[in-house]
Amino acid sequence: MGRLQVLAAALLFSTGGAGIKAAAFTGLQVSALRSGIAALVLLMLLRGLYIGRGTRMFVLSPAMVATGVVYGATVTLFVLSTKLTTAANAIFLQATAPLYLLLLGPLVLHERFRARDVAFLLGVAAGLVLCVIGQGEPTTTAPDPVRGNLLALLCSITWALTLLGLRYIQRDQTQTGAGLSAVTLGNLFASLAAWPFALPLPAASVVEWSTIVYLGVCQIGVAYVFLTAAMRVLPALEVSLLLLIEPVLNPIWTWMFRDERPGTYTIIGGAIIIAATAIKSIYDSRVQGSEGDPSPQTQVP
């Protein structure tokens, strides 16, 4: 059941690219509506979690708020970059977050940097370069690939900071659901920040409005319900590897529903990033098991 829940979460996450491309809405309108709806869904989940345990819903801390802010920036940047460049470029460039995690981890969390991590860094860097140079000409679904790629690179940095924050609050706080609380706050921050630029809302079709509702309820809200439930019973390594289905499927859904075709270099670069992440996760797991090293691994949700 845990594996099915992770696969369901990855499947829902992967539909974001195609959904965000809804033509009637601007990037900030999608961000305001998607994150706002997701925040409501996650608040209902948290209410059940905390009230069922007889505890307060939120015990705010500077670390939790800071994590919520960078997560809110991440979901906003992901929407904006997906609107401007191909869904493949947006998701593959975001997947380079471990590159920054390995550099920031020793400074922020005092986690060790190992010599074997250099090969991983080089592999991800090579994939990043191929994704950037593999951008095609502007199209209807990717009108400004250069600016979109830059936003996607910035998104990968804020996503790395989000992972650092989530790891920090989960490690240093005993409150159940601290990470999910930070994600809820992040979606709330993202929605509130985008609303002043989202009005007036367009007269979109029923299909496009349904797509926006789906993004908030299912692509974020329900996906995190599945993911948090699965992480109670599955090892982090297995979860991280199953979630690699997301960047694989994301461009496929966008091609099927939006007829958006990524360039050859982008596909190769994305494959290198995904393969490097999978190999590192498996290798680190074996080494830590043999050395008894309890330090957390770098994962890409």
# chains A, B, ... in the order shown; residues from 1 in each chain; ligands from 1
>>> closest_atom_pairs(of="segment 62-151 of chain A", to="segment 244-260 of chain A", cutoff="8 Å", atoms="only C-alpha atoms", output="tab-separated table")
residue	atom	partner	partner_atom	distance
A:Thr86	CA	A:Glu260	CA	7.1
A:Ala87	CA	A:Pro251	CA	5.7
A:Ala88	CA	A:Pro251	CA	4.9
A:Ile91	CA	A:Pro247	CA	5.9
A:Phe92	CA	A:Pro247	CA	6.6
A:Ala95	CA	A:Pro247	CA	7.9
A:Thr141	CA	A:Glu260	CA	6.8
>>> closest_residue(among="A:Leu201, A:Val233, A:Ala276, A:Ile282", to="Ala24 of chain A", atoms="only C-alpha atoms")
A:Leu201
>>> atom_distance(atom1="atom CA of Pro196 of chain A", atom2="atom CA of Ile212 of chain A")
18.0 Å
>>> residues_around(residues="Glu208 of chain A", least_positions_apart="5", cutoff="12 Å", atoms="only C-alpha atoms", output="list in words")
Ala18, Gly19, Ile20, Lys21, Ala22, Ala23, Ala24, Phe25, Val30, Pro202, Ala203, Val213, Tyr214 and Leu215 of chain A
>>> write_last_selection(atoms="C-alpha atoms", output="tab-separated table (two decimals), in the first residue's frame")
chain	number	residue	atom	x	y	z
A	18	ALA	CA	0.24	19.92	-18.55
A	19	GLY	CA	-2.22	21.52	-16.12
A	20	ILE	CA	-0.22	24.72	-15.65
A	21	LYS	CA	-0.23	25.25	-19.42
A	22	ALA	CA	-3.97	26.10	-19.30
A	23	ALA	CA	-4.08	28.89	-21.90
A	24	ALA	CA	-6.75	31.11	-20.35
A	25	PHE	CA	-4.77	31.85	-17.17
A	30	VAL	CA	-2.50	29.83	-11.86
A	202	PRO	CA	-10.52	35.54	-16.94
A	203	ALA	CA	-13.77	34.17	-18.35
A	213	VAL	CA	-9.25	23.14	-9.33
A	214	TYR	CA	-7.62	19.79	-10.11
A	215	LEU	CA	-4.15	21.32	-9.70
>>> closest_residue(among="A:Ser181, A:Arg3, A:Leu102, A:Tyr265", to="Ala119 of chain A", atoms="only C-alpha atoms")
A:Leu102
>>> closest_residue(among="A:Thr162, A:Ser81, A:Ser210, A:Thr264", to="Val69 of chain A", atoms="only C-alpha atoms")
A:Thr162
>>> residues_around(residues="Thr266 of chain A", least_positions_apart="5", cutoff="9 Å", atoms="only C-alpha atoms", output="PyMOL selection string")
chain A and resi 88-89+92+127-128+130-135+271
>>> residues_around(residues="Phe189 of chain A", least_positions_apart="2", cutoff="9 Å", atoms="only C-alpha atoms", output="list in words")
Ser35, Gly36, Gly68, Val69, Tyr71, Gly72, Ala73, Thr184, Leu185, Gly186, Asn187, Ser191, Leu192, Ala193 and Ala194 of chain A
>>> residues_around(residues="Leu4 of chain A", least_positions_apart="5", cutoff="12 Å", atoms="only C-alpha atoms", output="ChimeraX atom specification")
/A:9-11,223,226-227,229-231,233-234,238-239,242-243
